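Here's query.txt, which has compact mmCIF, C-alpha atoms:
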# COMPACT_ATOMS: atom_id res chain seq x y z
CA MET A 18 18.10 65.16 -15.69
CA GLU A 19 16.21 65.47 -12.42
CA GLN A 20 12.90 65.45 -14.32
CA ARG A 21 13.86 62.21 -16.10
CA LYS A 22 14.83 60.63 -12.78
CA ALA A 23 11.58 61.74 -11.18
CA ALA A 24 9.59 60.43 -14.15
CA SER A 25 11.43 57.14 -13.96
CA LEU A 26 10.68 56.80 -10.27
CA THR A 27 7.03 57.70 -10.88
CA TRP A 28 6.77 55.08 -13.64
CA GLN A 29 8.42 52.45 -11.42
CA GLY A 30 6.02 53.29 -8.65
CA TYR A 31 3.11 52.97 -11.07
CA LEU A 32 4.35 49.58 -12.26
CA SER A 33 4.86 48.48 -8.67
CA LYS A 34 1.32 49.53 -7.81
CA GLN A 35 -0.05 47.75 -10.88
CA THR A 36 1.89 44.61 -9.93
CA ARG A 37 0.50 44.67 -6.41
CA GLN A 38 -3.02 45.13 -7.73
CA THR A 39 -2.57 42.24 -10.15
CA VAL A 40 -1.24 39.97 -7.42
CA SER A 41 -4.11 41.00 -5.16
CA ARG A 42 -6.69 40.24 -7.88
CA MET A 43 -5.12 36.84 -8.52
CA ALA A 44 -5.14 36.03 -4.80
CA ASN A 45 -8.79 37.07 -4.45
CA ASN A 46 -9.74 35.06 -7.53
CA ALA A 47 -7.95 32.00 -6.15
CA PHE A 48 -9.74 32.37 -2.83
CA ARG A 49 -13.13 32.55 -4.59
CA LYS A 50 -12.32 29.26 -6.33
CA PHE A 51 -11.36 27.80 -2.98
CA ILE A 52 -14.71 28.92 -1.51
CA ILE A 53 -16.58 26.99 -4.23
CA LEU A 54 -14.53 23.88 -3.51
CA TRP A 55 -14.97 24.42 0.22
CA PHE A 56 -18.76 24.68 -0.11
CA GLY A 57 -18.90 21.23 -1.65
CA GLU A 58 -16.94 19.79 1.26
CA LEU A 59 -19.23 21.64 3.69
CA VAL A 60 -22.29 19.94 2.22
CA SER A 61 -20.53 16.58 2.21
CA SER A 62 -19.56 17.02 5.87
CA ILE A 63 -23.15 17.77 6.88
CA GLY A 64 -24.33 14.63 5.10
CA SER A 65 -21.65 12.52 6.73
CA GLY A 66 -22.61 13.93 10.12
CA LEU A 67 -26.24 12.89 9.62
CA THR A 68 -25.16 9.32 8.94
CA ALA A 69 -22.66 9.23 11.82
CA PHE A 70 -25.21 10.54 14.34
CA GLY A 71 -27.98 8.27 13.07
CA LEU A 72 -25.84 5.13 13.10
CA GLY A 73 -24.50 5.94 16.58
CA VAL A 74 -28.02 6.27 18.01
CA TYR A 75 -29.27 3.24 16.06
CA VAL A 76 -26.46 0.97 17.25
CA PHE A 77 -26.61 2.05 20.90
CA GLN A 78 -30.40 1.77 21.10
CA THR A 79 -30.39 -1.70 19.54
CA THR A 80 -27.38 -3.11 21.42
CA HIS A 81 -27.03 -0.89 24.54
CA SER A 82 -23.30 -1.42 24.15
CA ALA A 83 -20.60 1.23 23.92
CA THR A 84 -18.34 -1.46 22.47
CA ALA A 85 -20.69 -1.89 19.49
CA VAL A 86 -20.68 1.86 18.90
CA SER A 87 -16.88 1.83 19.04
CA LEU A 88 -16.73 -1.02 16.52
CA VAL A 89 -18.82 0.84 13.94
CA THR A 90 -16.78 3.99 14.51
CA LEU A 91 -13.56 2.01 14.10
CA CYS A 92 -14.75 0.55 10.78
CA THR A 93 -15.72 4.04 9.65
CA PHE A 94 -12.29 5.54 10.17
CA LEU A 95 -9.76 2.70 10.12
CA PRO A 96 -9.63 2.26 6.30
CA MET A 97 -9.51 6.01 5.78
CA ILE A 98 -6.59 6.36 8.16
CA LEU A 99 -4.61 3.34 6.98
CA LEU A 100 -5.10 4.16 3.30
CA SER A 101 -4.34 7.85 3.74
CA PRO A 102 -0.66 7.46 2.68
CA ILE A 103 -1.75 5.70 -0.52
CA GLY A 104 -4.23 8.51 -1.17
CA GLY A 105 -1.39 10.97 -0.65
CA VAL A 106 0.82 9.16 -3.17
CA LEU A 107 -1.98 9.18 -5.74
CA ALA A 108 -2.59 12.89 -5.06
CA ASP A 109 1.05 13.63 -5.94
CA ARG A 110 1.07 11.31 -8.97
CA PHE A 111 -2.28 12.02 -10.61
CA ASP A 112 -4.82 14.77 -11.09
CA ARG A 113 -5.86 15.85 -7.60
CA ARG A 114 -9.27 16.97 -8.88
CA LEU A 115 -9.94 13.48 -10.20
CA MET A 116 -8.98 11.96 -6.85
CA MET A 117 -11.54 14.15 -5.07
CA LEU A 118 -14.26 13.24 -7.58
CA LEU A 119 -13.54 9.53 -7.29
CA GLY A 120 -13.38 9.63 -3.51
CA ASP A 121 -16.59 11.60 -2.97
CA GLY A 122 -18.52 9.65 -5.59
CA GLY A 123 -17.33 6.21 -4.52
CA SER A 124 -18.05 6.83 -0.83
CA ALA A 125 -21.77 6.69 -1.61
CA LEU A 126 -21.52 2.99 -2.51
CA GLY A 127 -21.16 1.88 1.10
CA LEU A 128 -24.12 4.02 2.14
CA ILE A 129 -26.24 2.54 -0.63
CA TYR A 130 -25.35 -0.95 0.63
CA ILE A 131 -26.49 -0.05 4.18
CA LEU A 132 -29.67 1.47 2.83
CA ILE A 133 -30.50 -1.69 0.86
CA VAL A 134 -29.82 -3.88 3.91
CA MET A 135 -32.08 -1.75 6.09
CA PHE A 136 -34.91 -1.80 3.58
CA SER A 137 -34.74 -5.61 3.58
CA GLY A 138 -34.99 -5.83 7.38
CA GLU A 139 -33.09 -4.88 10.55
CA ALA A 140 -29.41 -4.42 9.76
CA GLN A 141 -26.93 -6.59 11.62
CA LEU A 142 -23.87 -5.07 13.24
CA TRP A 143 -21.49 -6.76 10.79
CA GLN A 144 -23.48 -5.41 7.83
CA LEU A 145 -23.19 -1.87 9.13
CA CYS A 146 -19.45 -2.40 9.56
CA VAL A 147 -19.13 -3.62 5.94
CA GLY A 148 -21.03 -0.62 4.60
CA VAL A 149 -19.10 2.05 6.48
CA THR A 150 -15.82 0.31 5.59
CA ILE A 151 -16.60 0.49 1.86
CA SER A 152 -17.46 4.17 2.18
CA SER A 153 -14.29 4.86 4.15
CA ILE A 154 -12.05 3.18 1.55
CA PHE A 155 -13.14 5.63 -1.14
CA ALA A 156 -13.12 8.60 1.25
CA SER A 157 -9.39 7.96 1.84
CA LEU A 158 -8.74 9.35 -1.65
CA THR A 159 -10.34 12.68 -0.89
CA ASP A 160 -8.59 14.22 2.11
CA PRO A 161 -4.92 14.21 0.95
CA ALA A 162 -5.93 15.49 -2.49
CA TYR A 163 -8.12 18.19 -0.93
CA LYS A 164 -5.38 19.43 1.41
CA ALA A 165 -2.76 19.36 -1.35
CA THR A 166 -5.09 21.28 -3.67
CA ILE A 167 -5.36 24.08 -1.10
CA THR A 168 -1.59 24.46 -1.29
CA ASP A 169 -1.84 24.49 -5.10
CA LEU A 170 -4.57 27.08 -5.14
CA LEU A 171 -3.71 29.65 -2.47
CA PRO A 172 -0.69 31.81 -1.59
CA GLU A 173 0.97 31.13 1.75
CA GLU A 174 -0.50 34.20 3.46
CA GLN A 175 -3.99 32.70 3.01
CA PHE A 176 -3.14 29.28 4.47
CA ALA A 177 -4.28 30.12 8.01
CA LYS A 178 -7.56 31.64 6.84
CA ALA A 179 -8.21 28.64 4.58
CA SER A 180 -7.39 26.28 7.44
CA GLY A 181 -9.97 28.00 9.62
CA LEU A 182 -12.64 27.64 6.95
CA VAL A 183 -11.71 24.00 6.32
CA GLN A 184 -12.19 23.35 10.02
CA LEU A 185 -15.52 25.18 9.82
CA ALA A 186 -16.66 22.79 7.08
CA GLY A 187 -15.44 19.84 9.11
CA SER A 188 -17.20 21.14 12.20
CA SER A 189 -20.55 21.22 10.41
CA LYS A 190 -20.95 17.48 11.06
CA TYR A 191 -20.96 18.39 14.78
CA LEU A 192 -22.72 21.74 14.52
CA PHE A 193 -25.61 21.31 12.09
CA SER A 194 -25.90 17.55 11.64
CA PRO A 195 -26.69 16.42 15.23
CA ILE A 196 -29.58 18.82 15.83
CA LEU A 197 -30.92 18.21 12.32
CA ALA A 198 -30.56 14.44 12.67
CA GLY A 199 -32.12 14.46 16.14
CA MET A 200 -35.17 16.34 14.87
CA LEU A 201 -35.48 14.13 11.80
CA LEU A 202 -35.24 10.92 13.84
CA ALA A 203 -38.28 12.08 15.79
CA VAL A 204 -40.41 11.80 12.62
CA VAL A 205 -38.48 9.53 10.21
CA ASP A 206 -36.26 6.46 10.37
CA ILE A 207 -32.50 6.31 9.89
CA GLU A 208 -33.00 5.33 6.25
CA ALA A 209 -34.00 8.93 5.50
CA LEU A 210 -30.70 10.21 6.91
CA LEU A 211 -28.75 7.79 4.73
CA PHE A 212 -30.69 8.92 1.65
CA ILE A 213 -29.91 12.58 2.39
CA ASP A 214 -26.21 11.77 2.82
CA ILE A 215 -26.15 9.94 -0.51
CA SER A 216 -27.82 12.92 -2.19
CA THR A 217 -25.17 15.36 -0.94
CA VAL A 218 -22.54 13.48 -2.95
CA PHE A 219 -24.00 14.92 -6.16
CA ILE A 220 -23.55 18.47 -4.84
CA THR A 221 -19.89 17.89 -4.02
CA ILE A 222 -19.29 16.39 -7.46
CA ILE A 223 -20.88 19.46 -9.07
CA THR A 224 -18.74 21.90 -7.07
CA ILE A 225 -15.51 20.03 -7.83
CA SER A 226 -16.41 19.82 -11.51
CA SER A 227 -17.28 23.52 -11.65
CA VAL A 228 -13.76 24.56 -10.64
CA ARG A 229 -11.86 21.89 -12.57
CA ARG A 230 -10.91 24.31 -15.35
CA CYS A 231 -9.79 26.89 -12.81
CA LEU A 232 -7.45 24.52 -11.00
CA VAL A 233 -4.06 23.59 -12.33
CA ALA A 234 -4.16 19.95 -13.35
CA LYS A 235 -1.60 17.76 -11.67
CA PRO A 236 0.27 16.14 -14.55
CA VAL A 237 0.85 12.42 -14.39
CA SER A 238 4.48 11.80 -13.53
CA LYS A 239 6.57 10.29 -16.30
CA LYS A 240 8.62 8.39 -13.76
CA GLN A 241 7.77 4.75 -13.24
CA PHE A 242 5.04 4.44 -10.65
CA SER A 243 6.20 2.72 -7.47
CA LEU A 244 3.85 2.83 -4.49
CA ALA A 245 6.47 1.52 -2.07
CA LYS A 246 9.03 4.08 -3.26
CA ASP A 247 6.58 6.97 -3.01
CA LEU A 248 5.47 5.92 0.47
CA LYS A 249 9.12 5.76 1.48
CA GLU A 250 9.71 9.24 0.07
CA GLY A 251 6.73 10.57 2.03
CA TRP A 252 8.15 9.03 5.18
CA GLN A 253 11.60 10.49 4.48
CA VAL A 254 10.15 13.96 3.91
CA LEU A 255 8.45 13.72 7.29
CA VAL A 256 11.28 12.30 9.42
CA SER A 257 13.87 14.60 7.85
CA ARG A 258 12.05 17.50 9.48
CA LYS A 259 12.41 16.64 13.15
CA GLY A 260 10.12 19.37 14.40
CA VAL A 261 7.31 18.34 12.06
CA PHE A 262 7.78 14.70 13.03
CA ALA A 263 7.72 15.52 16.75
CA LEU A 264 4.57 17.61 16.32
CA THR A 265 2.93 14.78 14.37
CA LEU A 266 3.63 12.31 17.19
CA LEU A 267 2.26 14.69 19.80
CA MET A 268 -0.89 15.23 17.73
CA THR A 269 -1.30 11.45 17.72
CA VAL A 270 -1.77 11.61 21.48
CA VAL A 271 -4.26 14.46 21.03
CA THR A 272 -6.31 12.47 18.51
CA PHE A 273 -6.44 9.55 20.96
CA TYR A 274 -8.27 11.66 23.51
CA MET A 275 -10.44 13.20 20.80
CA GLY A 276 -11.40 9.69 19.72
CA ILE A 277 -12.34 8.81 23.30
CA LEU A 278 -14.67 11.82 23.44
CA GLN A 279 -16.11 11.24 19.97
CA THR A 280 -16.90 7.57 20.63
CA LEU A 281 -18.29 7.79 24.15
CA PHE A 282 -20.16 11.09 24.14
CA THR A 283 -23.35 9.44 22.84
CA PRO A 284 -23.28 6.53 25.36
CA MET A 285 -22.70 9.05 28.17
CA VAL A 286 -25.52 11.44 27.25
CA LEU A 287 -28.25 9.06 25.99
CA PRO A 288 -28.88 7.52 29.46
CA LEU A 289 -29.55 11.07 30.68
CA SER A 290 -31.82 12.14 27.80
CA ASP A 291 -33.20 11.14 24.37
CA ALA A 292 -31.89 11.33 20.80
CA LYS A 293 -33.37 14.80 20.20
CA THR A 294 -31.73 16.22 23.32
CA LEU A 295 -28.47 14.52 22.41
CA GLY A 296 -28.58 16.23 19.01
CA ILE A 297 -29.20 19.61 20.60
CA VAL A 298 -26.35 19.16 23.10
CA GLN A 299 -23.92 18.13 20.36
CA SER A 300 -24.93 21.07 18.16
CA VAL A 301 -24.67 23.57 21.01
CA SER A 302 -21.26 22.19 21.89
CA ALA A 303 -20.11 22.40 18.28
CA THR A 304 -21.16 26.05 18.15
CA GLY A 305 -17.87 26.70 19.92
CA LEU A 306 -16.07 25.08 17.00
CA LEU A 307 -18.01 27.32 14.63
CA LEU A 308 -17.12 30.51 16.49
CA GLY A 309 -13.47 29.54 16.83
CA SER A 310 -13.23 28.67 13.13
CA LEU A 311 -14.98 31.89 12.13
CA PHE A 312 -12.63 33.92 14.31
CA ILE A 313 -9.60 32.39 12.60
CA GLY A 314 -11.21 32.62 9.17
CA ILE A 315 -11.87 36.35 9.62
CA PHE A 316 -8.93 37.54 11.73
CA SER A 317 -6.44 34.70 11.15
CA VAL A 318 -3.53 33.73 13.40
CA ASN A 319 -0.31 35.11 11.97
CA GLN A 320 2.35 34.38 14.57
CA GLN A 321 3.33 32.47 17.71
CA TYR A 322 1.67 29.30 16.47
CA ALA A 323 3.56 27.10 18.96
CA ARG A 324 2.34 29.16 21.91
CA VAL A 325 -1.21 29.20 20.60
CA LEU A 326 -1.04 25.43 20.19
CA SER A 327 0.12 24.82 23.78
CA ALA A 328 -2.35 27.30 25.27
CA GLY A 329 -5.18 25.79 23.26
CA LEU A 330 -4.35 22.29 24.47
CA PHE A 331 -4.12 23.41 28.09
CA THR A 332 -7.53 25.09 27.91
CA ALA A 333 -9.06 22.16 26.03
CA GLY A 334 -7.94 19.77 28.78
CA ILE A 335 -9.76 21.82 31.42
CA PHE A 336 -13.03 21.82 29.52
CA PHE A 337 -12.65 18.14 28.57
CA SER A 338 -12.69 17.28 32.27
CA LEU A 339 -15.70 19.52 32.89
CA ILE A 340 -17.73 17.58 30.28
CA GLY A 341 -17.58 14.51 32.48
CA ILE A 342 -17.95 16.14 35.88
CA SER A 343 -21.75 16.59 35.93
CA THR A 344 -24.99 14.83 34.95
CA ASN A 345 -26.64 18.18 34.23
CA ILE A 346 -27.30 18.51 30.50
CA PHE A 347 -26.74 22.28 30.57
CA VAL A 348 -23.33 21.90 32.23
CA ILE A 349 -22.34 19.24 29.70
CA ALA A 350 -23.42 21.46 26.80
CA ALA A 351 -21.59 24.51 28.19
CA ALA A 352 -18.36 22.56 28.81
CA GLY A 353 -18.64 21.01 25.37
CA PHE A 354 -19.07 24.46 23.81
CA LEU A 355 -15.94 25.79 25.49
CA PHE A 356 -13.96 22.64 24.63
CA PHE A 357 -14.82 22.81 20.94
CA ALA A 358 -14.05 26.54 20.85
CA THR A 359 -10.39 25.73 21.53
CA LEU A 360 -10.01 23.14 18.77
CA PRO A 361 -9.69 25.52 15.77
CA PHE A 362 -6.71 27.23 17.41
CA ILE A 363 -5.06 23.86 18.06
CA ASN A 364 -5.70 22.53 14.56
CA THR A 365 -4.80 25.73 12.71
CA SER A 366 -1.55 26.17 14.61
CA ALA A 367 -0.49 22.58 13.94
CA ASP A 368 -1.61 22.80 10.30
CA VAL A 369 0.39 25.95 9.52
CA LEU A 370 3.49 24.80 11.42
CA ILE A 371 3.51 21.61 9.34
CA ARG A 372 2.38 23.00 5.97
CA THR A 373 5.03 25.72 5.79
CA HIS A 374 7.84 23.20 6.32
CA ILE A 375 6.95 20.75 3.55
CA PRO A 376 7.71 21.40 -0.14
CA ASN A 377 4.66 21.65 -2.39
CA GLU A 378 5.70 18.77 -4.65
CA ALA A 379 5.64 16.42 -1.65
CA GLN A 380 2.51 17.77 0.06
CA GLY A 381 0.26 14.85 -0.92
CA ARG A 382 2.68 12.15 0.21
CA ALA A 383 3.58 14.05 3.37
CA TRP A 384 -0.02 14.74 4.39
CA GLY A 385 -0.91 11.13 3.69
CA MET A 386 1.87 9.94 6.00
CA ILE A 387 1.07 12.60 8.61
CA GLY A 388 -2.57 11.54 8.48
CA VAL A 389 -1.91 7.88 9.14
CA ILE A 390 0.51 8.63 12.00
CA SER A 391 -1.40 11.41 13.73
CA GLN A 392 -4.75 9.69 13.35
CA PHE A 393 -3.44 6.41 14.69
CA GLY A 394 -4.60 7.89 17.99
CA TYR A 395 -8.17 7.67 16.70
CA ILE A 396 -7.67 3.99 15.85
CA ALA A 397 -6.38 3.27 19.35
CA ALA A 398 -9.30 5.20 20.86
CA TYR A 399 -11.97 3.52 18.73
CA ALA A 400 -10.52 0.09 19.50
CA SER A 401 -10.29 0.67 23.26
CA ALA A 402 -12.95 3.23 24.23
CA GLY A 403 -15.88 0.81 24.28
CA LEU A 404 -13.93 -1.81 26.21
CA LEU A 405 -12.72 0.76 28.74
CA SER A 406 -16.28 1.99 29.17
CA ASP A 407 -18.13 -1.34 29.39
CA TYR A 408 -15.58 -3.38 31.33
CA VAL A 409 -13.56 -0.91 33.43
CA PHE A 410 -14.99 2.53 34.16
CA ASN A 411 -18.77 1.95 34.04
CA PRO A 412 -18.58 -1.05 36.43
CA LEU A 413 -16.59 1.11 38.85
CA MET A 414 -19.34 3.74 38.87
CA GLU A 415 -22.43 1.51 39.01
CA GLU A 416 -24.67 1.75 42.08
CA LYS A 417 -22.63 -0.92 43.90
CA GLY A 418 -19.38 -0.21 42.09
CA LEU A 419 -16.03 0.24 43.78
CA LEU A 420 -16.02 4.04 43.34
CA ALA A 421 -19.77 4.68 43.57
CA THR A 422 -19.68 5.82 47.20
CA THR A 423 -16.54 7.93 46.86
CA VAL A 424 -16.05 9.50 43.44
CA GLY A 425 -19.75 8.91 42.75
CA LYS A 426 -20.68 11.44 45.44
CA TRP A 427 -19.01 14.14 43.34
CA ILE A 428 -19.86 13.18 39.73
CA GLY A 429 -22.82 10.84 40.21
CA SER A 430 -23.14 7.09 39.85
CA GLY A 431 -25.09 4.78 37.58
CA GLN A 432 -25.19 4.15 33.84
CA GLY A 433 -22.75 6.29 31.87
CA ARG A 434 -20.97 7.86 34.84
CA GLY A 435 -17.91 5.71 34.31
CA ILE A 436 -17.53 7.49 30.98
CA GLY A 437 -17.71 10.79 32.85
CA LEU A 438 -14.81 9.66 35.05
CA LEU A 439 -12.86 8.63 31.96
CA PHE A 440 -13.41 12.12 30.48
CA ILE A 441 -12.13 13.77 33.66
CA ILE A 442 -8.95 11.69 33.64
CA SER A 443 -8.45 12.28 29.91
CA GLY A 444 -8.75 16.05 30.35
CA ILE A 445 -6.10 16.05 33.06
CA LEU A 446 -3.73 14.10 30.80
CA VAL A 447 -4.32 16.59 27.96
CA ILE A 448 -3.26 19.39 30.32
CA VAL A 449 -0.06 17.48 31.09
CA LEU A 450 0.56 17.06 27.34
CA ALA A 451 0.18 20.82 26.81
CA LEU A 452 2.78 21.55 29.48
CA ILE A 453 5.20 19.08 27.89
CA MET A 454 4.66 20.54 24.41
CA ALA A 455 5.28 24.10 25.66
CA ARG A 456 8.80 23.11 26.72
CA MET A 457 9.82 21.31 23.52
CA LYS A 458 12.42 23.27 21.54
CA LEU A 459 11.73 21.30 18.35
CA ILE A 460 8.14 22.54 18.31
CA ARG A 461 9.03 26.17 19.09
CA ALA A 462 11.69 26.10 16.35
CA LEU A 463 8.99 25.50 13.71
CA GLU A 464 7.94 29.14 14.00
CA THR A 465 11.14 30.10 12.17
CA LYS A 466 11.70 28.84 8.63
Kindly transcribe the structure held in the file into structure tokens.
Amino acid sequence: MEQRKAASLTWQGYLSKQTRQTVSRMANNAFRKFIILWFGELVSSIGSGLTAFGLGVYVFQTTHSATAVSLVTLCTFLPMILLSPIGGVLADRFDRRLMMLLGDGGSALGLIYILIVMFSGEAQLWQLCVGVTISSIFASLTDPAYKATITDLLPEEQFAKASGLVQLAGSSKYLFSPILAGMLLAVVDIEALLFIDISTVFITIITISSVRRCLVAKPVSKKQFSLAKDLKEGWQVLVSRKGVFALTLLMTVVTFYMGILQTLFTPMVLPLSDAKTLGIVQSVSATGLLLGSLFIGIFSVNQQYARVLSAGLFTAGIFFSLIGISTNIFVIAAAGFLFFATLPFINTSADVLIRTHIPNEAQGRAWGMIGVISQFGYIAAYASAGLLSDYVFNPLMEEKGLLATTVGKWIGSGQGRGIGLLFIISGILVIVLALIMARMKLIRALETK
């Protein structure tokens, strides 16, 4: 009797071991498929970064206006942000793989339009805005489908690691693209950067197509399609989870300050250097984003996400202020490096806290709604950053400006130093936001399911 019991326990242990091995193999296989998909987005991000850097330099050098740079940036992101909920609805209704293919492929049309305009002569500001808007409309289909597909593909314990790698791919537009674009612009025109970006679309299409059979197809819903109803459902999913909704609103404030930095970094640095130096400074700064993303991708962050989020924001605010405090390129690059190093911890913590509290069947709609709300901060920043720079802060810090003889003694005066002052103030406000977030019970409660 004892022998039978022992044999039974041994057999159960063997089956349990076999089950664990099978689950482990399936998880590893799923992660390999994710890596293929991720590589395509990495290449796409590098191409997009080349175009973004090139257009920023082109517009500022031809107009000498931060407002013009802000306008192009606004047209680049506004359609993507506003249409994100619709992209999320489509990601939940139709094949998510098809949405990614359509989005990545269609985004090249706007770039082709800009390229044609430039070949026919100097592009006007409105023509650049039309081109980036077309590209952004199609790109709005990609992000919700991509994020929802990660949830489809990976088990929950791999979410944080995947989030770190996704941020790594996103950071490539700041890490590799600026230095590459700066070097290329020394020998070629911006048209070459646009052509490279268009070419990367084919690589992303190939990677998505190569894993199509490995991914579970999202069946078309048999229910009658109603965009308004699905958008409403996405909103209800979000607001019914008060902690997620509160975190989304707070991240909106974060994205506002990120948009300020993203829009005005080029107009602040270019008066101090040239396009090649600007590219090097941006790439060095983004190395912090790379190291932070790699750290999370390798070691992950498995607990205390709310605390990590608050600490990351507090630290980011300090380094944000340091970016604007000096005219020394090395100081700017070092502060930028430290600032970007904190971002993966902020983004991963927010991503996991949100993702684990939304049901899979509503991920597309929820992420679409979260995207449009949280990234509304970018819209506000892109719409106001240039105006704040050209008409408020830069005039204050000009040689005869109101603050030139006071604040200017500490941070310098002249062209671009008003932007430095704006960065200092923004960093202080981010620190205040971190302290507020640390005391919010709704955010801390998200760590428990």
Subject >> For region 284-294 of chain A: contacts at 8 Å, all atoms listed in the file, fewer than 5 positions along chain excluded, given as a list in words >> reply: Val74, Phe77, Ala83, Ile196, Gly199, Met200, Leu202, Ala203, Thr344, Ile346, Gln432, Gly433, Arg434, Ile436 and Gly437 of chain A
**OP:** Name all residues at most 8 Å from Val86 (chain A) (count only C-alpha atoms; drop same-chain ones fewer than 6 positions away) and give them as an MDAnalysis selection string.
**Re:** chainID A and resid 73 76:77 280 403
**OP:** Pick out the residues sitting within 8 Å of region 209-214 of chain A, and hand them over as number ranges by chain; count only C-alpha atoms, and ignore anything fewer than 4 positions along from it in its own chain.
**Re:** A: 61, 63-65, 67-68, 71, 128-129, 132, 198, 201, 205, 218
Could you give me the axis-aligned bounding box of region 189-200 of chain A, with 8 Å of padding per side, as centre plus edge lengths in Å to one decimal, as lines of an AutoDock Vina configuration file?
center_x = -27.9
center_y = 18.1
center_z = 13.3
size_x = 30.6
size_y = 23.3
size_z = 21.7
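You can rank A:Gly353, A:Pro172, A:Gly138, A:Gly260 by their closest distance to Ser300 (chain A) using all atoms listed in the file, and at the top of that list sits A:Gly353.
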Can you fill out region 216-227 of chain A with N, CA and C atoms and hand it back as a tab-separated table (two decimals), in the coordinates of the input?
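See result-v1.tsv below for the written result:
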chain	number	residue	atom	x	y	z
A	216	SER	N	-27.47	11.83	-1.27
A	216	SER	CA	-27.82	12.92	-2.19
A	216	SER	C	-26.78	14.04	-2.17
A	217	THR	N	-26.15	14.27	-1.02
A	217	THR	CA	-25.17	15.36	-0.94
A	217	THR	C	-23.94	15.09	-1.80
A	218	VAL	N	-23.69	13.82	-2.12
A	218	VAL	CA	-22.54	13.48	-2.95
A	218	VAL	C	-22.63	14.17	-4.31
A	219	PHE	N	-23.84	14.28	-4.85
A	219	PHE	CA	-24.00	14.92	-6.16
A	219	PHE	C	-23.62	16.40	-6.11
A	220	ILE	N	-23.91	17.05	-4.98
A	220	ILE	CA	-23.55	18.47	-4.84
A	220	ILE	C	-22.03	18.64	-4.81
A	221	THR	N	-21.35	17.77	-4.08
A	221	THR	CA	-19.89	17.89	-4.02
A	221	THR	C	-19.26	17.61	-5.38
A	222	ILE	N	-19.81	16.68	-6.12
A	222	ILE	CA	-19.29	16.39	-7.46
A	222	ILE	C	-19.47	17.60	-8.37
A	223	ILE	N	-20.61	18.28	-8.25
A	223	ILE	CA	-20.88	19.46	-9.07
A	223	ILE	C	-19.90	20.58	-8.74
A	224	THR	N	-19.65	20.81	-7.45
A	224	THR	CA	-18.74	21.90	-7.07
A	224	THR	C	-17.30	21.62	-7.52
A	225	ILE	N	-16.86	20.37	-7.38
A	225	ILE	CA	-15.51	20.03	-7.83
A	225	ILE	C	-15.40	20.19	-9.35
A	226	SER	N	-16.43	19.73	-10.05
A	226	SER	CA	-16.41	19.82	-11.51
A	226	SER	C	-16.44	21.27	-11.97
A	227	SER	N	-17.14	22.13	-11.23
A	227	SER	CA	-17.28	23.52	-11.65
A	227	SER	C	-15.98	24.30	-11.58
